[in-house]
Amino acid sequence: MVNISGMSFGSLSGNAVEALNRGAALAGCLQNTGEGGLSPHHRKGGELVFQLGTAYFGCRDERGRFSLDRLKDLVAGAPVRALEIKLSQGAKPSLGGLLPAAKVSAEIAATRGIPQGQDCVSPSRHAEFSDCDSLLDWVELLAAETGLPVGIKSAVGDLGFWEELATLMRDTGRGVDFVTVDGGEGGTGAAPLIFSDSVSLPFQQGFSRVYRTFAERDLHEQVVFVGAGKLGLPDNAVVAFALGADMVNVGREAMLAIGCIQAQKCHTDTCPTGVATQNAWLARGLDPARKSVRAANYIRTLRRDLVKVAEACGVEHPGLIGTDAVEILDGRTASTPLDQVYGYRPEWGLPSAADRAEIVRLMTAEGPRGGSAPPSPTAVG
């Protein structure tokens, strides 16, 4: 239920990517490749979600066009468990990206399928589709050709896109397998401050609107919902699960676990801890073997905290925490139940009855937990 969010090789050093991948293997979670392609550093035992960005890095031809054959070859030779089409991200919605020529090493060039030593530009939009209808056609093509689940990742602004997408899914039978909603809290080392500070909705508002859009069309049980945007903090993650998230992705918290000190030098290539740099001398200071253990410890600890909070709420799993168990404080003297804040109907945010029963079965398979001793002969109930 906790996975590592998309962070590209090129933005992060090879040692940082390797540490996260080894940590994912130790913790038994998924690592999202980010849009920068699938590098050798992603092949250290951790299972992957391959992200398809606007530049189609790692699965493009010599002219920069998407290549289905290269994608199929790529996923056939790596532990890729799902494909994620990145429409936008919370920290820089509707913007492309630029990897400066100085950072485009031979290894990055080979991973992305681009010329070495030249500026690497990611466009702001996809070339393979232009509207919801053609997006769903492409999703179905990728799913049919690779056999993998295919989803989308996006920040949330105008709801028109989501309403059109959900309506088409309901009416045509085509659809995405999962939706990753990235809140405006999402991080990046490269975005204009006005975008990272003020453009796209914060996670709770954005996610609840998207979930409600699918739920109103009775599609919320047909889609896996993934949340991102400072959800590596247990209290934030609990609210995400109550709102209907099935999984959460963690980015900055995973970076902190492997040594990031938030020096805010990502864009300068001088990260002092070797996390967000392509400087070999600086990256050498990050030991993937040691840091992978810390990444795994963080993932395990977050899971434990979430399960403990779930138990305190009287349920067996964080996904079973309902909106009635969460209240949003308004100052120190007032609060509002979460379902009222976001206009949820009863049962929204929870799995189906059959799924709830299966979750309980899985979580209690080893028998009841808690209690200091067997009950006395006079115990009641």
# chains A, B, ... in the order shown; residues from 1 in each chain; ligands from 1
$ select_by_dssp --residues "region 77-257 of chain A" --states "alpha helix (DSSP H)" --output "PyMOL selection string"
chain A and resi 106-112+132-146+160-172+193-198+203-215+234-243+252-257
$ write_last_selection --atoms "C-alpha atoms" --output "mmCIF file, in the first residue's frame"
data_model
loop_
_atom_site.group_PDB
_atom_site.id
_atom_site.type_symbol
_atom_site.label_atom_id
_atom_site.label_comp_id
_atom_site.auth_asym_id
_atom_site.auth_seq_id
_atom_site.Cartn_x
_atom_site.Cartn_y
_atom_site.Cartn_z
ATOM 1 C CA ALA A 106 26.528 8.781 -22.036
ATOM 2 C CA GLU A 107 24.573 6.649 -19.550
ATOM 3 C CA ILE A 108 21.624 9.041 -19.413
ATOM 4 C CA ALA A 109 21.654 9.382 -23.206
ATOM 5 C CA ALA A 110 21.526 5.595 -23.596
ATOM 6 C CA THR A 111 18.742 5.260 -21.029
ATOM 7 C CA ARG A 112 16.565 7.959 -22.560
ATOM 8 C CA CYS A 132 -9.944 11.832 -23.683
ATOM 9 C CA ASP A 133 -11.217 9.627 -26.494
ATOM 10 C CA SER A 134 -7.813 9.169 -28.111
ATOM 11 C CA LEU A 135 -6.203 8.798 -24.654
ATOM 12 C CA LEU A 136 -8.450 5.817 -23.920
ATOM 13 C CA ASP A 137 -7.673 4.316 -27.324
ATOM 14 C CA TRP A 138 -3.953 4.533 -26.531
ATOM 15 C CA VAL A 139 -4.469 3.081 -23.041
ATOM 16 C CA GLU A 140 -6.295 0.097 -24.512
ATOM 17 C CA LEU A 141 -3.563 -0.369 -27.137
ATOM 18 C CA LEU A 142 -0.791 -0.388 -24.530
ATOM 19 C CA ALA A 143 -2.719 -2.796 -22.309
ATOM 20 C CA ALA A 144 -3.430 -5.190 -25.171
ATOM 21 C CA GLU A 145 0.143 -5.145 -26.491
ATOM 22 C CA THR A 146 1.979 -5.444 -23.148
ATOM 23 C CA GLY A 160 -13.967 19.005 -17.171
ATOM 24 C CA PHE A 161 -11.260 16.533 -18.171
ATOM 25 C CA TRP A 162 -12.130 14.107 -15.369
ATOM 26 C CA GLU A 163 -15.853 14.295 -16.048
ATOM 27 C CA GLU A 164 -15.344 13.582 -19.736
ATOM 28 C CA LEU A 165 -12.922 10.740 -18.991
ATOM 29 C CA ALA A 166 -15.228 9.057 -16.468
ATOM 30 C CA THR A 167 -18.261 9.448 -18.717
ATOM 31 C CA LEU A 168 -16.431 7.874 -21.658
ATOM 32 C CA MET A 169 -15.277 5.006 -19.445
ATOM 33 C CA ARG A 170 -18.839 4.382 -18.296
ATOM 34 C CA ASP A 171 -20.363 4.599 -21.761
ATOM 35 C CA THR A 172 -17.737 2.836 -23.909
ATOM 36 C CA LEU A 193 7.920 28.978 -7.829
ATOM 37 C CA ILE A 194 4.512 30.246 -8.905
ATOM 38 C CA PHE A 195 3.712 26.752 -10.226
ATOM 39 C CA SER A 196 5.098 24.750 -7.306
ATOM 40 C CA ASP A 197 3.468 27.126 -4.809
ATOM 41 C CA SER A 198 0.108 27.978 -6.320
ATOM 42 C CA PHE A 203 -4.114 16.680 -2.562
ATOM 43 C CA GLN A 204 -7.247 16.430 -0.448
ATOM 44 C CA GLN A 205 -9.307 18.766 -2.610
ATOM 45 C CA GLY A 206 -8.020 17.330 -5.878
ATOM 46 C CA PHE A 207 -8.320 13.680 -4.917
ATOM 47 C CA SER A 208 -11.791 13.987 -3.411
ATOM 48 C CA ARG A 209 -13.106 15.696 -6.550
ATOM 49 C CA VAL A 210 -11.657 13.025 -8.836
ATOM 50 C CA TYR A 211 -12.899 10.169 -6.635
ATOM 51 C CA ARG A 212 -16.365 11.727 -6.473
ATOM 52 C CA THR A 213 -16.432 12.088 -10.259
ATOM 53 C CA PHE A 214 -15.828 8.357 -10.700
ATOM 54 C CA ALA A 215 -18.112 7.372 -7.802
ATOM 55 C CA PRO A 234 1.223 9.027 8.488
ATOM 56 C CA ASP A 235 -1.509 11.545 9.335
ATOM 57 C CA ASN A 236 -1.709 12.746 5.736
ATOM 58 C CA ALA A 237 -1.739 9.158 4.455
ATOM 59 C CA VAL A 238 -4.566 8.166 6.817
ATOM 60 C CA VAL A 239 -6.747 10.928 5.359
ATOM 61 C CA ALA A 240 -5.838 9.745 1.838
ATOM 62 C CA PHE A 241 -6.961 6.197 2.629
ATOM 63 C CA ALA A 242 -10.178 7.466 4.239
ATOM 64 C CA LEU A 243 -10.928 9.468 1.079
ATOM 65 C CA ARG A 252 10.528 13.387 -0.850
ATOM 66 C CA GLU A 253 10.300 11.171 2.237
ATOM 67 C CA ALA A 254 12.062 8.352 0.386
ATOM 68 C CA MET A 255 14.739 10.855 -0.689
ATOM 69 C CA LEU A 256 15.161 11.990 2.908
ATOM 70 C CA ALA A 257 15.610 8.362 3.930
#
$ closest_atom_pairs --of "region 89-200 of chain A" --to "region 62-81 of chain A" --cutoff "10 Å" --atoms "only C-alpha atoms" --output "CSV"
residue,atom,partner,partner_atom,distance
A:Gly113,CA,A:Glu62,CA,7.6
A:Ile114,CA,A:Glu62,CA,7.9
A:Pro115,CA,A:Glu62,CA,9.4
A:His126,CA,A:Phe66,CA,9.8
A:Ala127,CA,A:Arg65,CA,8.1
A:Glu128,CA,A:Phe66,CA,7.5
A:Leu141,CA,A:Leu68,CA,9.4
A:Leu142,CA,A:Leu68,CA,8.0
A:Glu145,CA,A:Lys72,CA,7.4
A:Thr146,CA,A:Lys72,CA,6.1
A:Gly147,CA,A:Arg81,CA,9.6
A:Leu148,CA,A:Arg81,CA,6.5
A:Pro149,CA,A:Arg81,CA,7.5
A:Val150,CA,A:Arg81,CA,9.6
$ write_last_selection --atoms "N, CA and C atoms" --output "PDB file, in the first residue's frame"
ATOM      1  N   GLY A 113      17.476   7.430 -24.766  1.00  0.00           N
ATOM      2  CA  GLY A 113      17.416   7.374 -26.220  1.00  0.00           C
ATOM      3  C   GLY A 113      17.555   8.745 -26.850  1.00  0.00           C
ATOM      4  N   ILE A 114      18.505   9.542 -26.340  1.00  0.00           N
ATOM      5  CA  ILE A 114      18.703  10.916 -26.809  1.00  0.00           C
ATOM      6  C   ILE A 114      20.185  11.147 -27.079  1.00  0.00           C
ATOM      7  N   PRO A 115      20.550  12.215 -27.804  1.00  0.00           N
ATOM      8  CA  PRO A 115      21.964  12.502 -28.060  1.00  0.00           C
ATOM      9  C   PRO A 115      22.687  12.924 -26.778  1.00  0.00           C
ATOM     10  N   HIS A 126       1.436  15.397 -24.752  1.00  0.00           N
ATOM     11  CA  HIS A 126       1.691  14.159 -25.480  1.00  0.00           C
ATOM     12  C   HIS A 126       1.386  14.317 -26.965  1.00  0.00           C
ATOM     13  N   ALA A 127       2.110  13.535 -27.762  1.00  0.00           N
ATOM     14  CA  ALA A 127       1.855  13.521 -29.208  1.00  0.00           C
ATOM     15  C   ALA A 127       0.976  12.343 -29.626  1.00  0.00           C
ATOM     16  N   GLU A 128       0.806  11.339 -28.760  1.00  0.00           N
ATOM     17  CA  GLU A 128       0.076  10.132 -29.130  1.00  0.00           C
ATOM     18  C   GLU A 128      -1.432  10.269 -28.955  1.00  0.00           C
ATOM     19  N   LEU A 141      -4.622   0.185 -26.285  1.00  0.00           N
ATOM     20  CA  LEU A 141      -3.563  -0.369 -27.137  1.00  0.00           C
ATOM     21  C   LEU A 141      -2.388  -0.847 -26.295  1.00  0.00           C
ATOM     22  N   LEU A 142      -1.929  -0.010 -25.370  1.00  0.00           N
ATOM     23  CA  LEU A 142      -0.791  -0.388 -24.530  1.00  0.00           C
ATOM     24  C   LEU A 142      -1.113  -1.607 -23.685  1.00  0.00           C
ATOM     25  N   GLU A 145      -1.157  -4.766 -25.939  1.00  0.00           N
ATOM     26  CA  GLU A 145       0.143  -5.145 -26.491  1.00  0.00           C
ATOM     27  C   GLU A 145       1.145  -5.605 -25.426  1.00  0.00           C
ATOM     28  N   THR A 146       1.013  -5.099 -24.198  1.00  0.00           N
ATOM     29  CA  THR A 146       1.979  -5.444 -23.148  1.00  0.00           C
ATOM     30  C   THR A 146       1.417  -6.406 -22.111  1.00  0.00           C
ATOM     31  N   GLY A 147       0.086  -6.467 -21.999  1.00  0.00           N
ATOM     32  CA  GLY A 147      -0.518  -7.294 -20.968  1.00  0.00           C
ATOM     33  C   GLY A 147      -0.421  -6.720 -19.573  1.00  0.00           C
ATOM     34  N   LEU A 148      -0.043  -5.448 -19.469  1.00  0.00           N
ATOM     35  CA  LEU A 148       0.150  -4.813 -18.166  1.00  0.00           C
ATOM     36  C   LEU A 148      -1.007  -3.880 -17.829  1.00  0.00           C
ATOM     37  N   PRO A 149      -1.267  -3.647 -16.542  1.00  0.00           N
ATOM     38  CA  PRO A 149      -2.204  -2.589 -16.161  1.00  0.00           C
ATOM     39  C   PRO A 149      -1.676  -1.242 -16.634  1.00  0.00           C
ATOM     40  N   VAL A 150      -2.564  -0.383 -17.092  1.00  0.00           N
ATOM     41  CA  VAL A 150      -2.176   0.938 -17.591  1.00  0.00           C
ATOM     42  C   VAL A 150      -3.004   1.991 -16.871  1.00  0.00           C
TER      43      VAL A 150
END
$ closest_residue --among "A:Leu282, A:Ala354, A:Gly331, A:Ile299" --to "Ala25 (chain A)" --atoms "only C-alpha atoms"
A:Ile299
$ closest_atom_pairs --of "region 152-271 of chain A" --to "region 83-90 of chain A" --cutoff "8 Å" --atoms "only C-alpha atoms" --output "tab-separated table"
residue	atom	partner	partner_atom	distance
A:Ile152	CA	A:Ile85	CA	4.6
A:Lys153	CA	A:Lys86	CA	4.8
A:Ser154	CA	A:Ser88	CA	4.6
A:Ala155	CA	A:Gly90	CA	4.8
A:Val156	CA	A:Gly90	CA	7.8
A:Asp182	CA	A:Gly90	CA	5.1
A:Gly183	CA	A:Gly90	CA	5.0
A:Gly184	CA	A:Gly90	CA	4.3
A:Glu185	CA	A:Gly90	CA	6.5
A:Gly186	CA	A:Gly90	CA	4.9
A:Gly187	CA	A:Gly90	CA	7.4
A:Ser196	CA	A:Gly90	CA	7.4
A:Val199	CA	A:Gly90	CA	7.9
A:Ser200	CA	A:Gly90	CA	6.3
A:Leu201	CA	A:Gly90	CA	8.0
A:Gly229	CA	A:Gly90	CA	7.5
$ write_last_selection --atoms "C-alpha atoms" --output "mmCIF file, in the first residue's frame"
data_model
loop_
_atom_site.group_PDB
_atom_site.id
_atom_site.type_symbol
_atom_site.label_atom_id
_atom_site.label_comp_id
_atom_site.auth_asym_id
_atom_site.auth_seq_id
_atom_site.Cartn_x
_atom_site.Cartn_y
_atom_site.Cartn_z
ATOM 1 C CA ILE A 152 -2.595 7.820 -15.660
ATOM 2 C CA LYS A 153 -0.958 10.306 -13.340
ATOM 3 C CA SER A 154 -2.136 13.887 -13.122
ATOM 4 C CA ALA A 155 -2.482 16.936 -10.975
ATOM 5 C CA VAL A 156 -6.019 18.294 -10.659
ATOM 6 C CA ASP A 182 -0.753 14.177 -7.479
ATOM 7 C CA GLY A 183 -1.471 17.027 -5.103
ATOM 8 C CA GLY A 184 -0.072 20.505 -5.487
ATOM 9 C CA GLU A 185 2.198 19.666 -2.542
ATOM 10 C CA GLY A 186 4.208 17.421 -4.863
ATOM 11 C CA GLY A 187 7.880 18.228 -5.037
ATOM 12 C CA SER A 196 5.098 24.750 -7.306
ATOM 13 C CA VAL A 199 -0.916 26.001 -9.430
ATOM 14 C CA SER A 200 -3.034 22.786 -9.120
ATOM 15 C CA LEU A 201 -5.195 21.773 -6.196
ATOM 16 C CA GLY A 229 1.809 14.720 -2.450
#
$ atom_distance --atom1 "CA of Ile261 (chain A)" --atom2 "CA of Val275 (chain A)"
9.3 Å
$ atom_distance --atom1 "CA of Thr270 (chain A)" --atom2 "CA of Ser13 (chain A)"
11.2 Å
$ closest_residue --among "A:Val181, A:Val176, A:Leu52, A:Val250" --to "Ile4 (chain A)" --atoms "only C-alpha atoms"
A:Val250
$ residues_around --residues "Leu306 (chain A)" --least-positions-apart "2" --cutoff "12 Å" --atoms "only C-alpha atoms" --output "ChimeraX atom specification"
/A:1-2,231-242,247-248,299-304,308-313,315-321
$ residues_around --residues "Met7 (chain A)" --least-positions-apart "5" --cutoff "7 Å" --atoms "only C-alpha atoms" --output "PyMOL selection string"
chain A and resi 12+33-34
$ atom_distance --atom1 "CA of Arg217 (chain A)" --atom2 "CA of Gly175 (chain A)"
13.0 Å
$ closest_residue --among "A:Glu47, A:Glu358, A:Glu216, A:Asp246" --to "Tyr344 (chain A)" --atoms "only C-alpha atoms"
A:Glu216
$ select_by_dssp --residues "region 202-272 of chain A" --states "strand (DSSP E)" --output "PyMOL selection string"
chain A and resi 224-228+247-250
$ write_last_selection --atoms "N, CA, C and O atoms" --output "mmCIF file, in the first residue's frame"
data_model
loop_
_atom_site.group_PDB
_atom_site.id
_atom_site.type_symbol
_atom_site.label_atom_id
_atom_site.label_comp_id
_atom_site.auth_asym_id
_atom_site.auth_seq_id
_atom_site.Cartn_x
_atom_site.Cartn_y
_atom_site.Cartn_z
ATOM 1 N N VAL A 224 -8.231 1.532 -9.512
ATOM 2 C CA VAL A 224 -7.365 1.639 -8.336
ATOM 3 C C VAL A 224 -6.934 3.097 -8.204
ATOM 4 O O VAL A 224 -6.428 3.689 -9.163
ATOM 5 N N PHE A 225 -7.124 3.669 -7.027
ATOM 6 C CA PHE A 225 -6.768 5.070 -6.791
ATOM 7 C C PHE A 225 -5.461 5.145 -6.004
ATOM 8 O O PHE A 225 -5.322 4.518 -4.948
ATOM 9 N N VAL A 226 -4.534 5.931 -6.544
ATOM 10 C CA VAL A 226 -3.228 6.118 -5.920
ATOM 11 C C VAL A 226 -3.080 7.598 -5.578
ATOM 12 O O VAL A 226 -3.416 8.462 -6.383
ATOM 13 N N GLY A 227 -2.585 7.889 -4.395
ATOM 14 C CA GLY A 227 -2.401 9.271 -3.971
ATOM 15 C C GLY A 227 -0.938 9.632 -3.846
ATOM 16 O O GLY A 227 -0.091 8.777 -3.556
ATOM 17 N N ALA A 228 -0.629 10.906 -4.072
ATOM 18 C CA ALA A 228 0.746 11.397 -3.926
ATOM 19 C C ALA A 228 0.702 12.874 -3.556
ATOM 20 O O ALA A 228 -0.246 13.583 -3.901
ATOM 21 N N MET A 247 -3.619 3.058 -2.588
ATOM 22 C CA MET A 247 -2.174 3.068 -2.367
ATOM 23 C C MET A 247 -1.727 4.520 -2.239
ATOM 24 O O MET A 247 -2.423 5.435 -2.688
ATOM 25 N N VAL A 248 -0.545 4.700 -1.665
ATOM 26 C CA VAL A 248 0.078 6.023 -1.664
ATOM 27 C C VAL A 248 1.502 5.893 -2.190
ATOM 28 O O VAL A 248 2.154 4.861 -1.997
ATOM 29 N N ASN A 249 1.952 6.929 -2.883
ATOM 30 C CA ASN A 249 3.327 7.008 -3.362
ATOM 31 C C ASN A 249 4.084 8.050 -2.547
ATOM 32 O O ASN A 249 3.546 9.126 -2.265
ATOM 33 N N VAL A 250 5.315 7.733 -2.193
ATOM 34 C CA VAL A 250 6.132 8.661 -1.414
ATOM 35 C C VAL A 250 7.376 9.023 -2.223
ATOM 36 O O VAL A 250 8.015 8.168 -2.812
#
